[in-house]
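Data file: my_file-v5.txt. Format and content: compact mmCIF, C-alpha atoms.
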```txt
# COMPACT_ATOMS: atom_id res chain seq x y z
CA MET A 1 7.14 155.09 -2.17
CA ARG A 2 6.26 151.71 -0.64
CA ALA A 3 5.55 150.20 -4.05
CA HIS A 4 8.82 151.54 -5.39
CA PHE A 5 10.69 150.12 -2.38
CA LEU A 6 9.12 146.64 -2.81
CA SER A 7 9.95 146.67 -6.54
CA ALA A 8 13.55 147.62 -5.87
CA THR A 9 13.85 144.97 -3.14
CA LEU A 10 12.45 142.32 -5.50
CA ALA A 11 14.89 143.33 -8.23
CA VAL A 12 17.83 143.03 -5.84
CA SER A 13 16.58 139.60 -4.72
CA VAL A 14 16.28 138.36 -8.30
CA ILE A 15 19.79 139.55 -9.11
CA ALA A 16 21.12 137.88 -5.97
CA LEU A 17 19.39 134.60 -6.80
CA SER A 18 20.66 134.77 -10.35
CA GLY A 19 24.20 135.30 -9.09
CA THR A 20 23.85 132.30 -6.78
CA ALA A 21 22.62 130.10 -9.62
CA GLN A 22 25.50 131.17 -11.82
CA ALA A 23 27.97 130.59 -9.00
CA GLN A 24 26.71 127.02 -8.67
CA GLU A 25 27.43 126.15 -12.30
CA VAL A 26 30.62 124.12 -12.52
CA THR A 27 32.74 123.66 -15.63
CA LEU A 28 34.80 120.47 -15.92
CA ARG A 29 37.84 120.10 -18.17
CA GLY A 30 37.47 117.01 -20.35
CA VAL A 31 39.79 115.06 -22.66
CA THR A 32 39.61 111.91 -24.77
CA SER A 33 42.44 109.43 -25.28
CA PHE A 34 41.39 108.85 -28.90
CA ALA A 35 41.48 111.19 -31.87
CA GLU A 36 38.59 113.65 -31.86
CA GLY A 37 35.66 112.73 -34.06
CA THR A 38 36.73 109.08 -34.38
CA GLN A 39 34.65 106.07 -33.36
CA PHE A 40 35.87 105.80 -29.79
CA SER A 41 35.53 109.52 -29.10
CA LYS A 42 32.13 110.05 -30.72
CA GLY A 43 30.16 108.63 -27.80
CA PHE A 44 31.99 110.84 -25.33
CA GLU A 45 31.41 113.85 -27.57
CA ARG A 46 27.68 113.07 -27.66
CA PHE A 47 27.81 112.67 -23.86
CA ILE A 48 29.38 116.13 -23.56
CA GLU A 49 26.67 117.65 -25.76
CA LYS A 50 23.99 116.09 -23.58
CA VAL A 51 25.60 117.24 -20.33
CA ASN A 52 26.02 120.79 -21.64
CA LYS A 53 22.40 120.88 -22.80
CA ASP A 54 20.79 119.25 -19.76
CA GLY A 55 23.21 120.84 -17.30
CA LYS A 56 22.88 124.45 -18.40
CA GLY A 57 23.23 126.58 -15.30
CA ILE A 58 24.28 123.49 -13.30
CA ILE A 59 27.31 121.81 -14.87
CA GLN A 60 29.22 122.08 -18.15
CA ILE A 61 32.16 120.30 -19.77
CA ASN A 62 34.91 122.20 -21.56
CA TYR A 63 36.16 119.73 -24.16
CA ILE A 64 39.90 120.22 -24.47
CA GLY A 65 40.32 117.48 -27.11
CA GLY A 66 42.26 114.31 -27.81
CA PRO A 67 45.87 113.18 -28.31
CA ARG A 68 46.85 116.55 -29.75
CA ALA A 69 46.13 117.97 -26.31
CA MET A 70 47.41 115.05 -24.23
CA PRO A 71 49.24 111.78 -25.04
CA PRO A 72 46.83 108.80 -24.67
CA PHE A 73 48.91 106.90 -22.12
CA GLU A 74 49.02 109.96 -19.83
CA VAL A 75 45.26 110.43 -19.57
CA GLY A 76 44.73 108.04 -16.64
CA ASN A 77 47.37 109.79 -14.55
CA ALA A 78 45.98 113.19 -15.57
CA VAL A 79 42.58 112.22 -14.13
CA ARG A 80 44.19 110.85 -10.98
CA ASN A 81 46.11 114.07 -10.37
CA LYS A 82 43.27 116.40 -11.43
CA VAL A 83 45.16 117.79 -14.38
CA VAL A 84 41.80 117.15 -16.07
CA ASP A 85 38.45 116.62 -14.38
CA ILE A 86 36.78 114.10 -16.69
CA ALA A 87 38.17 111.79 -19.37
CA ASN A 88 37.27 109.26 -22.03
CA VAL A 89 39.93 106.55 -21.76
CA THR A 90 40.39 102.80 -22.01
CA GLY A 91 41.78 100.85 -19.07
CA ALA A 92 44.48 99.53 -21.40
CA PHE A 93 46.05 102.99 -21.21
CA TYR A 94 46.40 102.98 -17.40
CA THR A 95 47.35 99.40 -16.48
CA ASN A 96 50.60 100.84 -15.09
CA LEU A 97 48.50 102.50 -12.38
CA MET A 98 45.84 99.80 -12.07
CA PRO A 99 46.93 96.30 -13.19
CA GLU A 100 43.34 95.12 -12.76
CA ALA A 101 42.30 97.33 -15.69
CA ASP A 102 43.66 94.60 -17.97
CA ALA A 103 40.72 92.44 -16.84
CA PHE A 104 38.00 94.80 -18.06
CA LYS A 105 38.27 93.39 -21.61
CA LEU A 106 37.26 90.01 -20.15
CA ILE A 107 34.02 91.33 -18.63
CA SER A 108 31.50 91.26 -21.45
CA LYS A 109 28.17 91.24 -19.63
CA PRO A 110 25.86 94.14 -20.53
CA THR A 111 26.57 97.25 -18.51
CA ALA A 112 23.02 97.25 -17.11
CA GLU A 113 23.69 93.79 -15.68
CA GLN A 114 27.07 94.89 -14.33
CA ARG A 115 25.36 97.68 -12.43
CA LYS A 116 22.93 95.19 -10.89
CA ASN A 117 25.27 92.32 -9.97
CA GLY A 118 27.96 94.33 -8.17
CA THR A 119 30.53 94.40 -10.99
CA TRP A 120 30.22 98.14 -11.60
CA ALA A 121 30.43 98.88 -7.86
CA TYR A 122 33.59 96.80 -7.45
CA ILE A 123 35.28 98.34 -10.50
CA ASN A 124 34.32 101.78 -9.19
CA GLU A 125 35.88 100.89 -5.83
CA LEU A 126 39.13 99.96 -7.60
CA HIS A 127 39.11 103.26 -9.47
CA ASN A 128 38.46 105.14 -6.22
CA GLN A 129 41.43 103.47 -4.54
CA LYS A 130 43.99 103.29 -7.33
CA LEU A 131 43.15 106.06 -9.76
CA ASN A 132 41.51 108.61 -7.43
CA SER A 133 38.58 108.58 -9.83
CA TYR A 134 34.89 107.83 -10.09
CA TYR A 135 33.93 105.20 -12.67
CA LEU A 136 31.08 107.01 -14.36
CA ALA A 137 30.38 104.87 -17.46
CA ARG A 138 31.63 102.08 -19.71
CA GLN A 139 31.10 102.07 -23.47
CA PHE A 140 31.34 99.47 -26.29
CA VAL A 141 30.92 96.40 -24.10
CA SER A 142 29.41 94.48 -27.03
CA VAL A 143 32.14 95.44 -29.50
CA PRO A 144 34.95 92.86 -29.91
CA PHE A 145 38.62 93.03 -30.91
CA HIS A 146 40.56 91.46 -33.79
CA ILE A 147 44.13 90.96 -34.87
CA TYR A 148 44.74 92.58 -38.27
CA LEU A 149 47.67 91.44 -40.42
CA ASN A 150 49.55 92.36 -43.56
CA LYS A 151 51.12 88.92 -43.90
CA LYS A 152 48.90 85.93 -44.61
CA ILE A 153 49.14 83.08 -42.12
CA ASP A 154 47.77 79.55 -42.61
CA LYS A 155 47.21 78.77 -38.93
CA VAL A 156 46.78 80.62 -35.66
CA ASP A 157 50.47 81.25 -35.11
CA PHE A 158 52.23 84.62 -34.91
CA SER A 159 55.80 83.28 -34.99
CA GLY A 160 58.07 85.70 -36.82
CA LEU A 161 55.47 88.49 -36.80
CA LYS A 162 55.81 91.91 -35.17
CA ILE A 163 52.41 93.04 -33.96
CA ARG A 164 51.45 96.42 -32.54
CA VAL A 165 49.78 95.97 -29.16
CA THR A 166 48.46 97.67 -26.09
CA PRO A 167 48.14 95.65 -22.87
CA VAL A 168 44.87 94.30 -24.35
CA TYR A 169 46.66 91.98 -26.77
CA ARG A 170 50.21 91.70 -25.46
CA ASP A 171 49.83 88.37 -23.67
CA ILE A 172 48.00 86.51 -26.44
CA VAL A 173 50.42 87.82 -29.09
CA GLN A 174 53.37 86.57 -27.04
CA ALA A 175 51.63 83.26 -26.29
CA LEU A 176 51.25 82.64 -30.03
CA GLY A 177 54.89 83.41 -30.79
CA GLY A 178 54.60 87.02 -31.95
CA THR A 179 56.75 90.00 -31.01
CA PRO A 180 54.61 92.71 -29.35
CA ILE A 181 55.40 96.36 -30.12
CA THR A 182 53.61 99.07 -28.13
CA THR A 183 52.76 102.35 -29.83
CA PRO A 184 50.02 104.98 -29.48
CA PRO A 185 47.26 104.72 -32.12
CA GLY A 186 48.59 107.78 -33.92
CA GLU A 187 51.80 105.95 -34.87
CA VAL A 188 50.24 102.76 -36.24
CA TYR A 189 49.69 103.89 -39.84
CA THR A 190 53.35 104.82 -40.35
CA ALA A 191 54.53 101.64 -38.63
CA LEU A 192 52.43 99.55 -41.03
CA GLU A 193 53.43 101.58 -44.06
CA ARG A 194 57.14 101.20 -43.31
CA GLY A 195 56.93 97.54 -42.30
CA VAL A 196 57.95 98.25 -38.71
CA VAL A 197 55.01 96.03 -37.71
CA ASP A 198 53.24 93.24 -39.59
CA GLY A 199 49.89 93.82 -37.97
CA TYR A 200 48.05 95.26 -35.02
CA GLY A 201 45.33 94.62 -32.50
CA TRP A 202 42.25 96.84 -32.71
CA PRO A 203 38.47 96.59 -32.28
CA ILE A 204 36.23 95.72 -35.23
CA LEU A 205 35.24 99.41 -35.29
CA GLY A 206 37.36 102.42 -36.06
CA ILE A 207 40.04 101.55 -38.62
CA PHE A 208 38.47 103.73 -41.33
CA ASP A 209 38.56 106.75 -39.01
CA LEU A 210 42.33 106.38 -38.90
CA GLY A 211 42.91 105.42 -42.54
CA TRP A 212 44.33 102.04 -41.57
CA GLU A 213 42.26 100.22 -44.21
CA LYS A 214 44.77 101.55 -46.75
CA VAL A 215 47.59 99.57 -45.11
CA THR A 216 45.67 96.49 -43.90
CA LYS A 217 45.22 93.25 -45.85
CA PHE A 218 43.79 90.64 -43.45
CA ARG A 219 41.58 90.38 -40.35
CA MET A 220 42.01 87.24 -38.30
CA GLU A 221 38.94 85.48 -37.00
CA PRO A 222 37.47 84.97 -34.49
CA ALA A 223 36.67 88.21 -32.72
CA PHE A 224 37.69 88.15 -29.06
CA TYR A 225 37.52 90.07 -25.77
CA SER A 226 35.29 93.11 -25.23
CA VAL A 227 36.07 96.76 -25.83
CA GLU A 228 35.97 99.05 -22.81
CA VAL A 229 36.24 102.78 -23.08
CA ASN A 230 35.49 104.40 -19.75
CA VAL A 231 34.34 107.83 -18.67
CA LEU A 232 36.17 108.72 -15.48
CA VAL A 233 35.79 111.72 -13.17
CA ASN A 234 38.50 112.77 -10.74
CA GLN A 235 37.27 111.61 -7.33
CA ASP A 236 37.95 114.89 -5.56
CA VAL A 237 35.98 116.68 -8.25
CA TRP A 238 33.13 114.15 -7.98
CA LYS A 239 32.93 114.64 -4.21
CA SER A 240 32.88 118.41 -4.63
CA LEU A 241 29.80 118.33 -6.88
CA ASN A 242 26.31 118.78 -5.48
CA ASP A 243 23.47 116.31 -6.02
CA ALA A 244 22.06 118.15 -9.03
CA GLN A 245 25.43 118.21 -10.76
CA ARG A 246 26.05 114.52 -10.11
CA LYS A 247 22.57 113.69 -11.39
CA VAL A 248 23.23 115.40 -14.72
CA LEU A 249 26.43 113.39 -15.15
CA THR A 250 24.87 110.10 -13.98
CA ASP A 251 21.81 110.46 -16.19
CA ALA A 252 24.03 111.21 -19.19
CA ALA A 253 26.25 108.22 -18.30
CA LEU A 254 23.30 105.82 -18.24
CA TRP A 255 22.10 107.26 -21.54
CA LEU A 256 25.56 106.74 -23.00
CA GLU A 257 25.68 103.11 -21.86
CA GLY A 258 22.26 102.59 -23.38
CA LEU A 259 23.65 103.52 -26.80
CA ASP A 260 25.75 100.37 -26.72
CA ALA A 261 22.70 98.16 -26.48
CA THR A 262 20.80 99.99 -29.21
CA GLU A 263 23.51 100.89 -31.73
CA SER A 264 26.60 98.68 -31.50
CA ALA A 265 25.25 95.54 -33.18
CA GLU A 266 24.38 97.44 -36.36
CA LEU A 267 27.69 99.31 -36.29
CA VAL A 268 29.62 96.03 -36.06
CA LYS A 269 27.65 94.46 -38.91
CA ALA A 270 28.13 97.48 -41.15
CA GLU A 271 31.84 97.62 -40.37
CA ARG A 272 32.40 93.99 -41.34
CA GLU A 273 30.66 94.62 -44.67
CA ARG A 274 32.66 97.79 -45.25
CA GLN A 275 35.97 96.04 -44.56
CA ALA A 276 35.07 93.25 -46.99
CA LYS A 277 34.21 95.76 -49.73
CA THR A 278 37.53 97.51 -49.15
CA GLY A 279 39.37 94.24 -49.74
CA ILE A 280 40.32 93.28 -46.20
CA GLN A 281 40.17 89.48 -46.19
CA ALA A 282 38.94 87.46 -43.21
CA LEU A 283 41.30 84.66 -42.16
CA ASP A 284 39.11 81.93 -40.66
CA PHE A 285 40.73 78.63 -39.71
CA GLY A 286 37.53 76.82 -38.73
CA PRO A 287 35.47 76.15 -35.59
CA GLN A 288 38.04 74.12 -33.66
CA ALA A 289 40.88 76.57 -34.28
CA SER A 290 38.58 79.44 -33.25
CA GLN A 291 37.53 77.64 -30.08
CA ASP A 292 41.15 76.89 -29.17
CA PHE A 293 42.18 80.50 -29.82
CA LEU A 294 39.39 81.94 -27.67
CA LYS A 295 40.23 79.60 -24.79
CA LYS A 296 43.92 80.47 -24.98
CA ALA A 297 43.21 84.20 -25.25
CA ASN A 298 40.96 84.03 -22.19
CA ASP A 299 43.34 81.85 -20.15
CA VAL A 300 46.53 83.84 -20.77
CA ALA A 301 44.73 87.12 -20.06
CA TRP A 302 43.36 85.99 -16.70
CA GLN A 303 46.70 84.43 -15.76
CA ALA A 304 48.43 87.75 -16.43
CA VAL A 305 45.88 89.75 -14.43
CA ILE A 306 45.91 87.41 -11.44
CA ALA A 307 49.73 87.25 -11.46
CA LYS A 308 49.85 91.05 -11.05
CA ALA A 309 46.82 91.42 -8.78
CA PRO A 310 46.04 88.07 -7.09
CA GLU A 311 43.13 89.00 -4.83
CA THR A 312 41.42 91.65 -6.91
CA GLY A 313 42.03 89.71 -10.13
CA LYS A 314 40.29 86.63 -8.74
CA LYS A 315 37.38 88.77 -7.56
CA LEU A 316 36.99 90.27 -11.04
CA ARG A 317 37.05 86.81 -12.59
CA GLU A 318 34.27 85.71 -10.25
CA LEU A 319 32.19 88.72 -11.29
CA ALA A 320 32.97 88.12 -14.97
CA GLY A 321 31.82 84.51 -14.70
CA ASN A 322 34.50 83.18 -17.06
```

If you convert what's in this file into structure tokens, what do you get?
Amino acid sequence: MRAHFLSATLAVSVIALSGTAQAQEVTLRGVTSFAEGTQFSKGFERFIEKVNKDGKGIIQINYIGGPRAMPPFEVGNAVRNKVVDIANVTGAFYTNLMPEADAFKLISKPTAEQRKNGTWAYINELHNQKLNSYYLARQFVSVPFHIYLNKKIDKVDFSGLKIRVTPVYRDIVQALGGTPITTPPGEVYTALERGVVDGYGWPILGIFDLGWEKVTKFRMEPAFYSVEVNVLVNQDVWKSLNDAQRKVLTDAALWLEGLDATESAELVKAERERQAKTGIQALDFGPQASQDFLKKANDVAWQAVIAKAPETGKKLRELAGN
């Protein structure tokens, strides 16, 4: 009888412990602001796979999807208001909520260095205050942007051109005489095809995912700025997690940032070669023109950020070192 009693007690205890473990597992709702399976969602999708594997019984992410589930420019606000718990989104899509996000493209130091020199901590503080979110990771810091055109120009001058922008490129396009037109990525192909725009700003990576190579003729040199696609967690959700759950997310975030250092250079090189083979011509106006363009792009961007956010903008420029 005693043996039977101990066995039954042990069985009840195991069931109870199992129930507790299952009760501790948290499932987060996640979205991406870019089309699923494309270049700027792939890292986040790999991150989700890692979290779901390493966090089994602890934390999981339910991947809701991309723009088909939520318009890109609404993702930042959705994280802030806990409509979603975790998101893959660029700061360019939430500058209306955080003007300082327009400065992230100007911070091109490796993410490991940003975590050491206080840059990550300060940007996280801004996200805490203005977006009710925790700044978990930044991707693609070593991937630059370009202006792509369908009309050939013979100097760095956008006069008479209509160029699709996000806040990333708006100021430099205007400074060089162009007319900026803002559209979500999903509308760019049709705009190019119908001549609504003469070109667009986009990173060196990703145009083949969207089919834009079919309606693109030229890529202006030089490359400029630095891509930032962030993984954000709603701050209330982050605070509600226990240490083990946060560790799974943090470890996966550091792993994700490490991919940039090990993979991006080869991706950029391969993309340039692929664009050339497709017939996209590089427009290079020489070293002096490139130097002048980069200085102007940097200056007008910082001026715009500091005009909207004087104190925090200056602090970000100090941390950026440019």

Local residues around (37.3, 86.8, -14.6), at most 12 Å away, using all atoms listed in the file, as a ChimeraX atom specification:
/A:100-109,119,225,298-306,310-322

So, with only C-alpha atoms as the atoms that count, which of A:Val83, A:Leu241, A:Met70, A:Ala112 lies closest to Gly258 in chain A?
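Among A:Val83, A:Leu241, A:Met70, A:Ala112, it is A:Ala112 that comes nearest to Gly258 in chain A.
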
Selected residue, from A:Thr278, A:Thr250, A:Asn52, A:Ser142, that lies nearest to Phe218 in chain A when counting all atoms listed in the file
A:Thr278

Report, in Å to a single decimal, how far apart CA of Thr182 in chain A and CA of Pro167 in chain A are.
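Computed distance, CA of Pro167 in chain A to CA of Thr182 in chain A, equals 8.3 Å.
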
Fewer than 6 positions away in the same chain doesn't count, so skip those; otherwise give me all residues within 12 Å of Tyr148 in chain A, counting all atoms listed in the file, as number ranges by chain.
A: 158, 161-165, 169, 173, 188, 192, 197-204, 207, 212-213, 215-223, 275, 280-283

Those selected residues, please, written with C-alpha atoms and delivered as a compact mmCIF listing (two decimals), in the frame of the given file.
```
# COMPACT_ATOMS: atom_id res chain seq x y z
CA PHE A 158 52.23 84.62 -34.91
CA LEU A 161 55.47 88.49 -36.80
CA LYS A 162 55.81 91.91 -35.17
CA ILE A 163 52.41 93.04 -33.96
CA ARG A 164 51.45 96.42 -32.54
CA VAL A 165 49.78 95.97 -29.16
CA TYR A 169 46.66 91.98 -26.77
CA VAL A 173 50.42 87.82 -29.09
CA VAL A 188 50.24 102.76 -36.24
CA LEU A 192 52.43 99.55 -41.03
CA VAL A 197 55.01 96.03 -37.71
CA ASP A 198 53.24 93.24 -39.59
CA GLY A 199 49.89 93.82 -37.97
CA TYR A 200 48.05 95.26 -35.02
CA GLY A 201 45.33 94.62 -32.50
CA TRP A 202 42.25 96.84 -32.71
CA PRO A 203 38.47 96.59 -32.28
CA ILE A 204 36.23 95.72 -35.23
CA ILE A 207 40.04 101.55 -38.62
CA TRP A 212 44.33 102.04 -41.57
CA GLU A 213 42.26 100.22 -44.21
CA VAL A 215 47.59 99.57 -45.11
CA THR A 216 45.67 96.49 -43.90
CA LYS A 217 45.22 93.25 -45.85
CA PHE A 218 43.79 90.64 -43.45
CA ARG A 219 41.58 90.38 -40.35
CA MET A 220 42.01 87.24 -38.30
CA GLU A 221 38.94 85.48 -37.00
CA PRO A 222 37.47 84.97 -34.49
CA ALA A 223 36.67 88.21 -32.72
CA GLN A 275 35.97 96.04 -44.56
CA ILE A 280 40.32 93.28 -46.20
CA GLN A 281 40.17 89.48 -46.19
CA ALA A 282 38.94 87.46 -43.21
CA LEU A 283 41.30 84.66 -42.16
```

Identify, on the basis of all atoms listed in the file, every residue whose closest approach to range 126-134 of chain A does not exceed 10 Å; exclude the query and any residue fewer than 4 positions from it along the same chain; express the result as an MDAnalysis selection string.
chainID A and resid 76:82 85:86 94 97:101 120:122 231:239 312
